[in-house]
Structures are given as structure tokens and as C-alpha cells.
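J.: Just so it is clear, I am handing over structure-v9.tsv, which has TSV, C-alpha atoms (C1' of nucleotides).
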```
chain	number	residue	atom	x	y	z
A	30	MET	CA	21.30	-182.59	-6.46
A	31	GLU	CA	19.04	-185.31	-7.80
A	32	GLU	CA	21.08	-185.30	-10.96
A	33	PHE	CA	20.70	-189.07	-11.05
A	34	GLY	CA	17.55	-189.39	-8.97
A	35	ASN	CA	17.70	-190.90	-5.53
A	36	GLU	CA	16.55	-194.29	-4.38
A	37	ASN	CA	18.66	-194.47	-1.24
A	38	GLY	CA	21.64	-194.14	-3.53
A	39	LEU	CA	24.66	-191.88	-3.60
A	40	THR	CA	23.06	-188.95	-1.86
A	41	GLN	CA	22.85	-190.92	1.36
A	42	ASP	CA	25.58	-192.17	3.63
A	43	LEU	CA	26.37	-195.79	3.16
A	44	ASP	CA	26.55	-198.36	5.89
A	45	SER	CA	29.51	-200.70	5.87
A	46	GLU	CA	27.47	-203.72	4.86
A	47	THR	CA	26.18	-201.98	1.75
A	48	ILE	CA	29.66	-200.80	0.91
A	49	PHE	CA	30.91	-204.35	1.30
A	50	ILE	CA	28.28	-205.88	-0.96
A	51	VAL	CA	28.70	-203.21	-3.61
A	52	SER	CA	32.47	-203.46	-3.64
A	53	GLN	CA	32.35	-207.26	-3.75
A	54	THR	CA	29.99	-207.21	-6.70
A	55	PHE	CA	32.06	-204.68	-8.60
A	56	LYS	CA	35.15	-206.71	-7.78
A	57	ALA	CA	33.47	-209.70	-9.41
A	58	LEU	CA	33.11	-207.63	-12.57
A	59	GLY	CA	36.63	-206.27	-12.28
A	60	ASP	CA	38.41	-209.21	-13.85
A	61	PRO	CA	38.78	-209.94	-17.57
A	62	THR	CA	38.21	-213.67	-17.18
A	63	ARG	CA	34.99	-213.23	-15.25
A	64	ILE	CA	33.75	-210.61	-17.71
A	65	ARG	CA	34.35	-213.03	-20.57
A	66	ILE	CA	32.52	-215.80	-18.73
A	67	LEU	CA	29.53	-213.59	-17.92
A	68	ASN	CA	29.46	-212.26	-21.46
A	69	LEU	CA	29.30	-215.82	-22.73
A	70	LEU	CA	26.60	-216.78	-20.25
A	71	PHE	CA	24.62	-213.77	-21.34
A	72	LYS	CA	24.38	-215.29	-24.78
A	73	LYS	CA	23.63	-218.82	-23.70
A	74	GLU	CA	23.68	-221.39	-20.96
A	75	CYS	CA	26.99	-223.27	-21.03
A	76	SER	CA	28.67	-226.24	-19.42
A	77	VAL	CA	31.97	-225.74	-17.65
A	78	ASN	CA	33.91	-227.39	-20.44
A	79	GLU	CA	32.08	-225.37	-23.07
A	80	ILE	CA	33.17	-222.22	-21.30
A	81	ALA	CA	36.74	-223.45	-20.98
A	82	ASP	CA	36.92	-224.48	-24.62
A	83	THR	CA	35.20	-221.42	-26.02
A	84	LEU	CA	37.29	-218.95	-24.06
A	85	ASP	CA	40.48	-221.03	-24.04
A	86	ILE	CA	40.78	-221.07	-20.27
A	87	ARG	CA	41.68	-224.10	-18.18
A	88	GLN	CA	38.85	-226.06	-16.67
A	89	SER	CA	40.00	-225.54	-13.11
A	90	THR	CA	40.26	-221.80	-13.63
A	91	VAL	CA	36.73	-221.69	-15.00
A	92	SER	CA	35.46	-223.78	-12.11
A	93	HIS	CA	37.12	-221.54	-9.53
A	94	GLN	CA	35.71	-218.41	-11.13
A	95	LEU	CA	32.25	-219.94	-11.41
A	96	ARG	CA	32.35	-220.70	-7.71
A	97	PHE	CA	33.27	-217.06	-7.08
A	98	LEU	CA	30.36	-215.88	-9.21
A	99	LYS	CA	28.03	-218.45	-7.67
A	100	ASN	CA	28.83	-217.24	-4.15
A	101	LEU	CA	27.68	-213.77	-5.19
A	102	ARG	CA	24.58	-215.30	-6.84
A	103	LEU	CA	25.60	-213.91	-10.20
A	104	VAL	CA	25.35	-217.35	-11.82
A	105	LYS	CA	23.40	-220.55	-11.19
A	106	TYR	CA	23.49	-224.03	-12.70
A	107	ARG	CA	21.36	-227.04	-13.47
A	108	ARG	CA	22.62	-230.58	-13.68
A	109	GLU	CA	22.13	-232.96	-16.58
A	110	GLY	CA	23.91	-236.20	-15.93
A	111	THR	CA	27.52	-235.35	-15.15
A	112	THR	CA	27.26	-232.04	-16.92
A	113	LEU	CA	26.49	-228.78	-15.14
A	114	TYR	CA	24.92	-226.06	-17.25
A	115	TYR	CA	25.65	-222.60	-15.93
A	116	SER	CA	23.64	-219.47	-16.65
A	117	HIS	CA	23.52	-215.94	-15.31
A	118	ASP	CA	21.33	-215.33	-12.28
A	119	ASP	CA	21.19	-211.56	-11.73
A	120	ALA	CA	19.53	-209.58	-14.48
A	121	HIS	CA	20.27	-206.27	-12.84
A	122	VAL	CA	23.99	-206.89	-12.58
A	123	MET	CA	24.02	-208.14	-16.17
A	124	LEU	CA	22.34	-204.90	-17.19
A	125	ILE	CA	25.00	-202.94	-15.36
A	126	LEU	CA	27.70	-204.96	-17.11
A	127	GLN	CA	26.15	-204.22	-20.46
A	128	GLN	CA	25.94	-200.52	-19.66
A	129	MET	CA	29.63	-200.43	-18.83
A	130	ILE	CA	30.47	-202.27	-22.03
A	131	ASP	CA	28.42	-199.77	-24.02
A	132	HIS	CA	30.09	-196.95	-22.14
A	133	ALA	CA	33.53	-198.34	-22.98
A	134	CYS	CA	32.60	-198.78	-26.63
A	135	HIS	CA	31.39	-195.20	-26.94
A	136	SER	CA	34.36	-193.50	-25.32
B	26	MET	CA	17.64	-212.59	-26.69
B	27	GLU	CA	17.49	-208.83	-26.56
B	28	GLU	CA	16.35	-209.14	-23.00
B	29	PHE	CA	18.44	-206.09	-22.21
B	30	GLY	CA	18.51	-204.50	-25.63
B	31	ASN	CA	21.74	-204.35	-27.59
B	32	GLU	CA	24.01	-201.44	-28.24
B	33	ASN	CA	27.11	-203.45	-29.07
B	34	GLY	CA	26.77	-204.90	-25.60
B	35	LEU	CA	26.73	-208.40	-24.19
B	36	THR	CA	25.27	-210.06	-27.23
B	37	GLN	CA	28.44	-209.35	-29.18
B	38	ASP	CA	31.93	-210.71	-28.74
B	39	LEU	CA	34.24	-208.39	-26.95
B	40	ASP	CA	37.65	-207.34	-28.11
B	41	SER	CA	40.44	-207.43	-25.58
B	42	GLU	CA	40.73	-203.66	-25.35
B	43	THR	CA	37.07	-203.30	-24.41
B	44	ILE	CA	37.42	-206.09	-21.88
B	45	PHE	CA	40.43	-204.32	-20.41
B	46	ILE	CA	38.71	-200.95	-20.08
B	47	VAL	CA	35.57	-202.47	-18.61
B	48	SER	CA	37.44	-204.58	-16.10
B	49	GLN	CA	39.66	-201.67	-15.10
B	50	THR	CA	36.66	-199.45	-14.49
B	51	PHE	CA	34.85	-202.08	-12.47
B	52	LYS	CA	38.05	-202.71	-10.53
B	53	ALA	CA	38.07	-199.02	-9.62
B	54	LEU	CA	34.60	-199.47	-8.14
B	55	GLY	CA	35.57	-202.72	-6.47
B	56	ASP	CA	37.20	-201.21	-3.40
B	57	PRO	CA	35.43	-199.91	-0.30
B	58	THR	CA	37.66	-196.87	0.09
B	59	ARG	CA	37.16	-195.75	-3.49
B	60	ILE	CA	33.41	-196.29	-3.23
B	61	ARG	CA	33.31	-194.10	-0.14
B	62	ILE	CA	35.35	-191.40	-1.87
B	63	LEU	CA	33.15	-191.42	-4.96
B	64	ASN	CA	30.02	-191.42	-2.85
B	65	LEU	CA	31.29	-188.34	-1.05
B	66	LEU	CA	32.23	-186.63	-4.30
B	67	PHE	CA	28.78	-187.36	-5.62
B	68	LYS	CA	27.37	-185.18	-2.89
B	69	LYS	CA	29.88	-182.37	-3.18
B	70	GLU	CA	33.23	-181.22	-4.41
B	71	CYS	CA	35.85	-181.84	-1.72
B	72	SER	CA	39.46	-181.06	-0.97
B	73	VAL	CA	41.83	-183.93	-0.25
B	74	ASN	CA	41.91	-183.15	3.44
B	75	GLU	CA	38.14	-182.86	3.60
B	76	ILE	CA	37.87	-186.33	2.17
B	77	ALA	CA	40.46	-187.69	4.56
B	78	ASP	CA	38.81	-186.06	7.58
B	79	THR	CA	35.25	-186.93	6.61
B	80	LEU	CA	35.98	-190.56	5.88
B	81	ASP	CA	38.71	-190.97	8.50
B	82	ILE	CA	41.31	-192.11	5.99
B	83	ARG	CA	44.93	-190.96	5.92
B	84	GLN	CA	45.80	-188.15	3.56
B	85	SER	CA	48.32	-190.20	1.62
B	86	THR	CA	45.83	-193.01	1.13
B	87	VAL	CA	43.25	-190.56	-0.22
B	88	SER	CA	45.82	-189.02	-2.51
B	89	HIS	CA	46.91	-192.40	-3.86
B	90	GLN	CA	43.31	-193.44	-4.51
B	91	LEU	CA	42.48	-190.10	-6.13
B	92	ARG	CA	45.39	-190.58	-8.49
B	93	PHE	CA	43.99	-194.01	-9.35
B	94	LEU	CA	40.54	-192.53	-10.03
B	95	LYS	CA	42.05	-189.61	-11.91
B	96	ASN	CA	43.95	-191.93	-14.24
B	97	LEU	CA	40.65	-193.52	-15.18
B	98	ARG	CA	39.07	-190.06	-15.59
B	99	LEU	CA	36.52	-190.82	-12.92
B	100	VAL	CA	37.46	-187.67	-10.98
B	101	LYS	CA	38.91	-184.28	-11.80
B	102	TYR	CA	40.10	-181.33	-9.72
B	103	ARG	CA	40.43	-177.57	-9.73
B	104	ARG	CA	43.03	-175.64	-7.79
B	105	GLU	CA	42.36	-172.80	-5.38
B	106	GLY	CA	45.60	-171.64	-3.82
B	107	THR	CA	47.22	-174.68	-2.29
B	108	THR	CA	43.97	-176.54	-2.08
B	109	LEU	CA	42.78	-178.98	-4.73
B	110	TYR	CA	39.03	-179.48	-4.98
B	111	TYR	CA	38.12	-182.85	-6.40
B	112	SER	CA	34.84	-183.78	-8.03
B	113	HIS	CA	33.52	-186.67	-10.04
B	114	ASP	CA	34.08	-186.59	-13.79
B	115	ASP	CA	32.08	-189.44	-15.29
B	116	ALA	CA	28.32	-189.16	-14.91
B	117	HIS	CA	27.70	-192.50	-16.54
B	118	VAL	CA	29.96	-194.40	-14.16
B	119	MET	CA	28.41	-192.53	-11.23
B	120	LEU	CA	25.01	-193.63	-12.45
B	121	ILE	CA	26.21	-197.21	-12.58
B	122	LEU	CA	27.56	-196.89	-9.05
B	123	GLN	CA	24.24	-195.59	-7.84
B	124	GLN	CA	22.40	-198.43	-9.56
B	125	MET	CA	24.57	-200.98	-7.82
B	126	ILE	CA	24.03	-199.28	-4.46
B	127	ASP	CA	20.28	-199.33	-5.03
B	128	HIS	CA	20.51	-202.94	-6.08
B	129	ALA	CA	22.41	-203.82	-2.89
B	130	CYS	CA	19.92	-201.91	-0.74
B	131	HIS	CA	16.96	-203.72	-2.26
B	132	SER	CA	18.29	-207.24	-1.97
C	23	DT	C1'	32.22	-253.14	-9.44
C	24	DG	C1'	35.21	-250.91	-12.54
C	25	DT	C1'	35.96	-247.26	-15.94
C	26	DA	C1'	35.27	-242.92	-18.25
C	27	DT	C1'	33.85	-238.27	-18.17
C	28	DA	C1'	32.63	-233.81	-16.03
C	29	DT	C1'	33.46	-230.88	-12.48
C	30	DA	C1'	35.31	-229.38	-7.97
C	31	DT	C1'	38.91	-228.68	-4.68
C	32	DG	C1'	43.55	-228.00	-2.31
C	33	DT	C1'	47.87	-226.08	-2.74
C	34	DT	C1'	51.25	-223.28	-4.49
C	35	DA	C1'	53.65	-219.50	-6.82
C	36	DA	C1'	53.51	-215.23	-9.18
C	37	DT	C1'	51.59	-211.00	-9.29
C	38	DA	C1'	48.70	-207.16	-7.95
C	39	DT	C1'	46.73	-204.27	-4.49
C	40	DA	C1'	46.03	-201.30	-0.38
C	41	DT	C1'	47.85	-198.94	3.25
C	42	DT	C1'	51.35	-196.80	5.91
C	43	DC	C1'	55.34	-193.92	6.92
C	44	DA	C1'	58.54	-190.69	5.57
C	45	DT	C1'	59.57	-187.21	2.62
C	46	DA	C1'	59.17	-184.20	-1.41
C	47	DT	C1'	56.86	-180.59	-3.92
C	48	DA	C1'	54.11	-176.52	-4.61
C	49	DA	C1'	51.68	-172.39	-3.48
C	50	DG	C1'	50.83	-168.43	-0.50
C	51	DG	C1'	51.94	-165.19	3.01
C	52	DA	C1'	55.06	-162.82	6.52
D	16	DT	C1'	63.66	-165.81	1.56
D	17	DC	C1'	61.64	-168.47	5.17
D	18	DC	C1'	57.71	-170.66	7.02
D	19	DT	C1'	53.30	-172.85	6.81
D	20	DT	C1'	49.84	-175.54	4.75
D	21	DA	C1'	48.05	-178.73	1.27
D	22	DT	C1'	49.00	-182.33	-1.56
D	23	DA	C1'	51.84	-185.76	-4.01
D	24	DT	C1'	55.19	-189.27	-4.20
D	25	DG	C1'	58.45	-193.21	-3.12
D	26	DA	C1'	59.36	-197.25	-0.66
D	27	DA	C1'	58.09	-200.94	2.18
D	28	DT	C1'	54.93	-204.23	3.96
D	29	DA	C1'	50.94	-206.94	4.41
D	30	DT	C1'	47.35	-208.88	2.12
D	31	DA	C1'	44.61	-210.39	-1.81
D	32	DT	C1'	44.15	-212.31	-6.23
D	33	DT	C1'	44.89	-215.23	-10.22
D	34	DA	C1'	46.05	-219.14	-12.59
D	35	DA	C1'	48.23	-223.51	-12.71
D	36	DC	C1'	48.91	-228.24	-11.42
D	37	DA	C1'	47.59	-232.31	-9.23
D	38	DT	C1'	44.06	-234.75	-7.37
D	39	DA	C1'	39.48	-235.71	-5.49
D	40	DT	C1'	34.56	-236.30	-6.14
D	41	DA	C1'	30.42	-237.45	-8.55
D	42	DT	C1'	27.62	-239.41	-12.10
D	43	DA	C1'	26.67	-242.61	-15.74
D	44	DC	C1'	27.32	-246.74	-17.85
D	45	DA	C1'	29.32	-251.34	-19.21
```
Before anything else, please render the file you have as C-alpha cells.
T.:
Amino acid sequence: MEEFGNENGLTQDLDSETIFIVSQTFKALGDPTRIRILNLLFKKECSVNEIADTLDIRQSTVSHQLRFLKNLRLVKYRREGTTLYYSHDDAHVMLILQQMIDHACHS
Amino acid sequence: MEEFGNENGLTQDLDSETIFIVSQTFKALGDPTRIRILNLLFKKECSVNEIADTLDIRQSTVSHQLRFLKNLRLVKYRREGTTLYYSHDDAHVMLILQQMIDHACHS
DNA sequence: TGTATATATGTTAATATATTCATATAAGGA
DNA sequence: TCCTTATATGAATATATTAACATATATACA
């Protein structure tokens, strides 16, 4: 045991609330569109239309997905006039995303 | 930049194949049943029926989900008579799972 | 107040997913 | 070979998800 260390992690039984949060968060990362959005927001803060234009996704789709990510506190925004600038809001999850990307690139 | 380092990770544009692999892998982790199975397999190698009994999930459901995880090379098995013993097969993904569990426990 | 722009929301349709039941396969032993 | 046990598979159903369209809301400004 302890192959990966233990900080109340896999070596312990999981309560249903933890399982729910973990699966919800992974589900958020389990969609190509959301990965592209988060990858963009990793590089820089963006308005909704910037995201839509850059990634060639419809504005309403971007807005729906941003709401999804916002509910999980993975992104946040600030307002400037009528424009909302979104940025990532969970460094740990972004680190996990990067690890998985590295993992995919190396295998 | 470089807040999280860079090993061809988030600071670079992603090709569609990488996005696909990453999203597929996260999708595998984005389901409560699969998280419970992987969490169990982290602790020890298990037969299909052991998994089903321990987690109170039907045998066919476990088998379907194991096939899913097997296709992504997240689990493997060895045969002993009629019994198949499954175990995890991707230490890096297991590490990522544990990180997310820790993250959920601490927030 | 009216108009333009940026974003959010409601609804719908297509597709994907998860689980269940029933059954098939595969291995071992009598 | 027949029977038992362990696992896999196919089909069906219920549910979830995604993206699109149309429209609503909100802010700024003339």
C-alpha cells in the first residue's frame, strides 16, 4: 500500500457525497468543448464572445457550458460594461487537467 | 504564465486527438459506479463477483463497466480457473483520481 | 427613451449513457 | 458429457447530455 501516499484518498472508503463531488468534477472535464474552454482560460481571461470566436462554438453553447463550469466553481468572471471576462477559478483542478493532458501526450 | 509548469500542457494548443483521449479518460472517471470500482481496485485485486458483492452492484453492471475501463486500459485482469481477478492498470490515472478525492475532501 | 451589443435562458431534438434482464460463453469437476 | 460456477454479452429502457435555435435580459450610450 501507500504506493501513492494517503491523504484520505483511495485507501479509504468513500462516502457518497465525496463520490458525487468527484464524479461531477471529472464529468466537467469529460467533454471536449469544456476542455477546450478551460484550456483557453488557462492561457488568458476571455469574454464569452472571445471564447466562442476563438474556438468556433456558438455563443449560447459557450454560455451554457460556462454556467456548468461556474456551478462547480471551476471558472469565475468579472464584469466590464456589458462584457463578462471569464477566468479559471480552481488551480488544483487545472493542475489535474494539465497532468492528464501530459499523460495523454506521452502515451 | 508557467504557474503550473509546462510539459506540452495547458499553455499549448491541443490537437483533437489529445482532446479526445483526455475527455474520454475524464469521462471514465466521471461516473460514481466507476469511481467506486477503481477505488476498490486501488486497495486490492478483485474478482467480478467480489466487486459486485462489495459494492452492491449487479454482476452485469460491473462487467459492463469493467469492459469500459478495460478499453481505456485503466484496468487489467488475470485468470484463475473460471475467476477473473481485476486490478488497476494505470498508475498515473489512479494518482489523478486520488488527487481529486483529496481535493474534494479538503474543500 | 430608444437602440445596439453582450450574455443568459428556455425549449427542443439528437445522441449518449447507465442499468437491468435474459441469455450466452467458458472453464473446471463429477 | 453433463452440471455448476463465473463472467460476458445483447437488447431494451430510462435517463442524461449536448448543441442548436429563438428569445429574453442587462448594460451602455445617443
J.: Residues within 10 Å of (39.7, -189.8, -12.2), file coordinates, counting all atoms listed in the file: what are they? Give the list as a list in words.
T.: Ala53, Leu63, Gln90, Leu91, Arg92, Phe93, Leu94, Lys95, Asn96, Leu97, Arg98, Leu99, Val100, Lys101, Tyr102, Tyr111, Ser112, His113, Asp114 and Asp115 of chain B
J.: Show me, as a PyMOL selection string, the residues that have an atom within 12 Å of Leu43 of chain A when counting all atoms listed in the file, minus same-chain residues fewer than 3 positions from it.
T.: (chain A and resi 37-40+46-52) or (chain B and resi 57-58+60-65+80+123+126-127+129-130)
J.: Compute the chain A side of the contact with chain C at 7 Å, counting all atoms listed in the file, and hand it back as number ranges by chain.
T.: A: 92, 111-112
J.: Would you work out the distance separating atom CA of Ile80 of chain A from atom CA of Leu122 of chain B, expressed in Å to one decimal?
T.: 28.7 Å
J.: Rounded to one decimal place, report the atom CA of Ser41 of chain B-atom CA of Asp60 of chain A distance in Å.
T.: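 We find that atom CA of Ser41 of chain B and atom CA of Asp60 of chain A lie 12.0 Å from each other.
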J.: Which value, in Å to one decimal, gives the distance between atom C1' of DA39 of chain D and atom CA of Thr90 of chain A?
T.: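 Atom C1' of DA39 of chain D sits 16.1 Å away from atom CA of Thr90 of chain A.
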J.: Taking all atoms listed in the file into account, report as a list in words which residues of chain D lie within 9 Å of chain A.
T.: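 My answer is DT33, DA34, DA35, DA41, DT42 and DA43 of chain D.
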J.: Give the answer as one residue: which of B:Gln84, B:Gln124, B:Thr79, B:Asn74 has the shortest atom-to-atom distance to chain A, using all atoms listed in the file?
T.: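 Among B:Gln84, B:Gln124, B:Thr79, B:Asn74, it is B:Gln124 that comes nearest to chain A.
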J.: Out of B:Arg103, B:Asp40, B:Val73, B:Phe51, which residue has the shortest atom-to-atom distance to chain A when counting all atoms listed in the file?
T.: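 Of B:Arg103, B:Asp40, B:Val73, B:Phe51, the one nearest chain A is B:Phe51, counting all atoms listed in the file.
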J.: Counting all atoms listed in the file, figure out which residue out of D:DT32, D:DT20, D:DC44, D:DA37 gets nearest to Gly59 of chain A.
T.: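 Selected residue with least distance to Gly59 of chain A: D:DT32.
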J.: Using only C-alpha atoms for the distances, tell me which of A:Ala81, A:Leu113, A:Leu124, A:Cys75 is nearest to chain B.
T.: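 Checking each candidate against chain B, we get A:Leu124 as the closest.
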J.: For each of B:Asp38, B:Asp81, B:Glu75, B:Lys52, take the minimum atom-to-atom distance to chain A, counting only C-alpha atoms, then give the residue where this is smallest.
T.: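 Nearest candidate to chain A out of B:Asp38, B:Asp81, B:Glu75, B:Lys52: B:Lys52.
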J.: Quick one: axis-aligned box around all listed atoms of segment 27-44 of chain C, 8 Å on every side, centre and edge lengths in Å to one decimal, written as JSON.
T.:
```
{"center_x": 45.6, "center_y": -214.5, "center_z": -5.6, "size_x": 41.9, "size_y": 63.6, "size_z": 41.1}
```
J.: Compare A:Leu58, A:Tyr114, A:Asp82, A:Ser76 by their minimum atom-to-atom distance to chain B, counting only C-alpha atoms, and give me the closest one.
T.: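 Looking only at the distances to chain B, the closest residue turns out to be A:Leu58.
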